[in-house]
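Just upload_38.pdb here, PDB, C-alpha atoms:
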ATOM      1  CA  MET A   1     103.848 118.733 115.528
ATOM      2  CA  PRO A   2     100.303 118.453 116.806
ATOM      3  CA  ARG A   3      98.262 115.542 115.464
ATOM      4  CA  ILE A   4      94.579 115.583 114.543
ATOM      5  CA  THR A   5      92.396 112.515 114.076
ATOM      6  CA  LEU A   6      89.791 112.850 111.327
ATOM      7  CA  LYS A   7      86.869 110.439 111.558
ATOM      8  CA  GLU A   8      84.754 109.669 108.539
ATOM      9  CA  THR A   9      84.171 106.164 107.268
ATOM     10  CA  THR A  10      87.858 105.662 108.028
ATOM     11  CA  THR A  11      90.118 107.276 110.592
ATOM     12  CA  LYS A  12      93.213 109.143 109.489
ATOM     13  CA  GLU A  13      95.763 110.995 111.565
ATOM     14  CA  ILE A  14      97.614 113.950 110.109
ATOM     15  CA  ASP A  15     100.404 116.145 111.413
ATOM     16  CA  ILE A  16      99.693 119.859 111.459
ATOM     17  CA  SER A  17     102.094 122.712 112.083
ATOM     18  CA  MET A  18     101.762 124.915 115.146
ATOM     19  CA  GLU A  19     100.950 127.796 112.780
ATOM     20  CA  ALA A  20      98.020 125.793 111.364
ATOM     21  CA  LEU A  21      96.879 125.007 114.915
ATOM     22  CA  TYR A  22      97.000 128.717 115.812
ATOM     23  CA  LYS A  23      94.938 129.558 112.715
ATOM     24  CA  LEU A  24      92.426 126.884 113.681
ATOM     25  CA  ILE A  25      92.160 128.297 117.199
ATOM     26  CA  ASP A  26      91.829 131.835 115.809
ATOM     27  CA  SER A  27      88.859 130.688 113.723
ATOM     28  CA  LEU A  28      86.947 129.371 116.756
ATOM     29  CA  SER A  29      84.045 131.285 118.240
ATOM     30  CA  GLU A  30      84.398 132.689 121.738
ATOM     31  CA  GLN A  31      82.297 129.813 123.125
ATOM     32  CA  GLU A  32      84.365 127.208 121.266
ATOM     33  CA  ARG A  33      87.584 128.724 122.642
ATOM     34  CA  GLU A  34      86.120 128.643 126.143
ATOM     35  CA  ASP A  35      85.179 124.978 125.650
ATOM     36  CA  VAL A  36      88.727 124.171 124.526
ATOM     37  CA  LEU A  37      90.242 126.021 127.476
ATOM     38  CA  ASN A  38      87.919 124.272 129.927
ATOM     39  CA  ARG A  39      88.845 120.896 128.496
ATOM     40  CA  LEU A  40      92.559 121.681 128.691
ATOM     41  CA  ARG A  41      92.184 122.724 132.311
ATOM     42  CA  LYS A  42      90.027 119.682 133.182
ATOM     43  CA  ASP A  43      91.858 116.799 131.541
ATOM     44  CA  ASP A  44      95.485 115.860 131.799
ATOM     45  CA  ILE A  45      97.206 116.284 128.485
ATOM     46  CA  HIS A  46      98.838 113.039 127.412
ATOM     47  CA  LEU A  47     101.976 113.609 125.381
ATOM     48  CA  ASN A  48     103.681 110.729 123.633
ATOM     49  CA  ALA A  49     107.424 110.482 123.813
ATOM     50  CA  PHE A  50     109.190 111.557 120.639
ATOM     51  CA  LYS A  51     110.290 108.534 118.654
ATOM     52  CA  LYS A  52     113.495 109.051 116.722
ATOM     53  CA  ASP A  53     113.738 107.443 113.327
ATOM     54  CA  ASP A  54     117.102 106.104 112.270
ATOM     55  CA  ILE A  55     119.036 108.781 110.357
ATOM     56  CA  LYS A  56     119.636 106.354 107.492
ATOM     57  CA  SER A  57     115.882 105.767 107.266
ATOM     58  CA  ILE A  58     115.216 109.512 107.093
ATOM     59  CA  LEU A  59     117.823 109.925 104.373
ATOM     60  CA  ALA A  60     116.377 106.991 102.441
ATOM     61  CA  ASP A  61     112.948 108.656 102.519
ATOM     62  CA  PHE A  62     114.412 111.846 101.071
ATOM     63  CA  GLU A  63     116.478 109.975  98.482
ATOM     64  CA  SER A  64     113.487 107.942  97.324
ATOM     65  CA  THR A  65     111.678 111.089  96.166
ATOM     66  CA  ASP A  66     114.429 111.974  93.663
ATOM     67  CA  LEU A  67     113.819 115.622  94.562
ATOM     68  CA  TYR A  68     117.072 116.278  96.423
ATOM     69  CA  GLU A  69     120.660 116.450  95.220
ATOM     70  CA  GLY A  70     123.647 114.844  96.889
ATOM     71  CA  ASP A  71     124.886 118.082  98.495
ATOM     72  CA  PHE A  72     121.557 118.611 100.216
ATOM     73  CA  LEU A  73     121.397 115.014 101.425
ATOM     74  CA  ARG A  74     124.934 115.207 102.822
ATOM     75  CA  ASP A  75     124.074 118.484 104.595
ATOM     76  CA  LEU A  76     120.904 116.915 105.956
ATOM     77  CA  GLU A  77     122.804 113.906 107.287
ATOM     78  CA  ASP A  78     125.465 116.139 108.832
ATOM     79  CA  GLY A  79     122.810 118.337 110.446
ATOM     80  CA  LEU A  80     120.883 115.408 111.845
ATOM     81  CA  GLU A  81     124.037 113.837 113.277
ATOM     82  CA  LYS A  82     124.905 117.136 114.999
ATOM     83  CA  SER A  83     121.366 117.871 116.208
ATOM     84  CA  SER A  84     120.529 117.742 119.891
ATOM     85  CA  VAL A  85     117.753 115.232 119.165
ATOM     86  CA  TYR A  86     120.270 112.619 117.973
ATOM     87  CA  ASN A  87     122.947 113.445 120.530
ATOM     88  CA  LYS A  88     120.920 112.608 123.641
TER
END
Could you write out this structure as structure tokens?
Amino acid sequence: MPRITLKETTTKEIDISMEALYKLIDSLSEQEREDVLNRLRKDDIHLNAFKKDDIKSILADFESTDLYEGDFLRDLEDGLEKSSVYNK
């Protein structure tokens, strides 16, 4: 997911969905879009390598919310273990 840094008196990074990014781009003026395109063409885009969290840690995060039942958590664990991200 793309990440935006908001700067006020403190700095906070948030993850945004691609759909939200598209909506943001759609809301730009023609000049703002041109500025974005020029910047993308000018500067190398630095992408950080994806960092995998431990599956047990992910499951613990879900379990700690008390929003998910055992069947869902077992399906989630099974899906994560079978996913291409965790089988590389």
| said: For a test of reading the model, state the distance in Å between CA of Lys12 in chain A and CA of Ile45 in chain A, rounded to one decimal. | reply: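 Interatomic distance here is 20.7 Å.
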| task | Determine the nearest neighbour of Asp15 in chain A from the options A:Asn38, A:Leu59, A:Arg3, A:His46, counting all atoms listed in the file. | result | A:Arg3
| Atom pair CA of Tyr86 in chain A / CA of Asp54 in chain A: separation (Å) |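 Interatomic distance, CA of Tyr86 in chain A to CA of Asp54 in chain A: 9.2 Å.
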| said: I'd like the neighbourhood of Arg74 in chain A as JSON, numbers by chain, where a residue qualifies if any of its atoms comes within 12 Å (using all atoms listed in the file), though same-chain residues fewer than 3 positions away should be ignored. | reply: {"A": [55, 56, 59, 60, 62, 63, 68, 69, 70, 71, 77, 78, 79, 80, 81]}
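Of the listed residues (A:Phe72, A:Asp66, A:Lys52, A:Ala20), A:Lys52 comes nearest to Asn87 in chain A; the distances count all atoms listed in the file.
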| field | Counting only C-alpha atoms, the option among A:Leu47, A:Glu32, A:Ile58, A:Pro2 closest to Glu19 in chain A | value | A:Pro2
| request: Quick one: pull the distance between CA of Ile25 in chain A and CA of Leu37 in chain A, Å, one decimal. | output: 10.7 Å
| message | Calculated over only C-alpha atoms, which of the candidates A:Asp53, A:Asp61, A:Glu13, A:Asp35 has the smallest distance to Leu73 in chain A? | response |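 The closest residue to Leu73 in chain A is A:Asp61.
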Missing atoms in range 32-51 of chain A: can you complete it with N, CA, C and O atoms, as a compact mmCIF listing (two decimals), in the coordinates of the input?
# COMPACT_ATOMS: atom_id res chain seq x y z
N GLU A 32 83.52 128.36 121.60
CA GLU A 32 84.36 127.21 121.27
C GLU A 32 85.73 127.32 121.94
O GLU A 32 86.27 126.33 122.45
N ARG A 33 86.29 128.52 121.95
CA ARG A 33 87.58 128.72 122.64
C ARG A 33 87.45 128.43 124.13
O ARG A 33 88.33 127.81 124.73
N GLU A 34 86.35 128.89 124.72
CA GLU A 34 86.12 128.64 126.14
C GLU A 34 85.99 127.15 126.41
O GLU A 34 86.55 126.63 127.38
N ASP A 35 85.31 126.43 125.52
CA ASP A 35 85.18 124.98 125.65
C ASP A 35 86.54 124.29 125.58
O ASP A 35 86.83 123.38 126.36
N VAL A 36 87.38 124.74 124.66
CA VAL A 36 88.73 124.17 124.53
C VAL A 36 89.54 124.44 125.79
O VAL A 36 90.18 123.54 126.34
N LEU A 37 89.49 125.68 126.26
CA LEU A 37 90.24 126.02 127.48
C LEU A 37 89.76 125.22 128.69
O LEU A 37 90.57 124.74 129.48
N ASN A 38 88.45 125.06 128.81
CA ASN A 38 87.92 124.27 129.93
C ASN A 38 88.38 122.82 129.85
O ASN A 38 88.72 122.22 130.86
N ARG A 39 88.39 122.28 128.65
CA ARG A 39 88.84 120.90 128.50
C ARG A 39 90.32 120.76 128.83
O ARG A 39 90.76 119.80 129.47
N LEU A 40 91.13 121.73 128.39
CA LEU A 40 92.56 121.68 128.69
C LEU A 40 92.81 121.78 130.19
O LEU A 40 93.71 121.13 130.71
N ARG A 41 92.02 122.58 130.86
CA ARG A 41 92.18 122.72 132.31
C ARG A 41 91.70 121.48 133.05
O ARG A 41 92.24 121.11 134.08
N LYS A 42 90.67 120.82 132.52
CA LYS A 42 90.03 119.68 133.18
C LYS A 42 90.81 118.39 133.03
O LYS A 42 91.01 117.65 133.99
N ASP A 43 91.23 118.08 131.82
CA ASP A 43 91.86 116.80 131.54
C ASP A 43 93.38 116.93 131.46
O ASP A 43 93.89 117.91 130.96
N ASP A 44 94.04 115.90 131.97
CA ASP A 44 95.48 115.86 131.80
C ASP A 44 95.80 115.70 130.32
O ASP A 44 95.12 114.95 129.61
N ILE A 45 96.79 116.40 129.88
CA ILE A 45 97.21 116.28 128.49
C ILE A 45 98.23 115.16 128.41
O ILE A 45 99.24 115.17 129.10
N HIS A 46 97.93 114.17 127.58
CA HIS A 46 98.84 113.04 127.41
C HIS A 46 99.74 113.30 126.21
O HIS A 46 99.25 113.44 125.09
N LEU A 47 101.01 113.41 126.45
CA LEU A 47 101.98 113.61 125.38
C LEU A 47 102.76 112.32 125.18
O LEU A 47 103.22 111.71 126.14
N ASN A 48 102.89 111.92 123.94
CA ASN A 48 103.68 110.73 123.63
C ASN A 48 105.15 111.12 123.51
O ASN A 48 105.47 112.20 123.01
N ALA A 49 105.99 110.24 123.94
CA ALA A 49 107.42 110.48 123.81
C ALA A 49 107.80 110.53 122.34
O ALA A 49 107.26 109.78 121.52
N PHE A 50 108.71 111.43 122.01
CA PHE A 50 109.19 111.56 120.64
C PHE A 50 109.95 110.30 120.27
O PHE A 50 110.80 109.82 121.02
N LYS A 51 109.61 109.74 119.12
CA LYS A 51 110.29 108.53 118.65
C LYS A 51 111.23 108.91 117.51
O LYS A 51 110.79 109.37 116.46
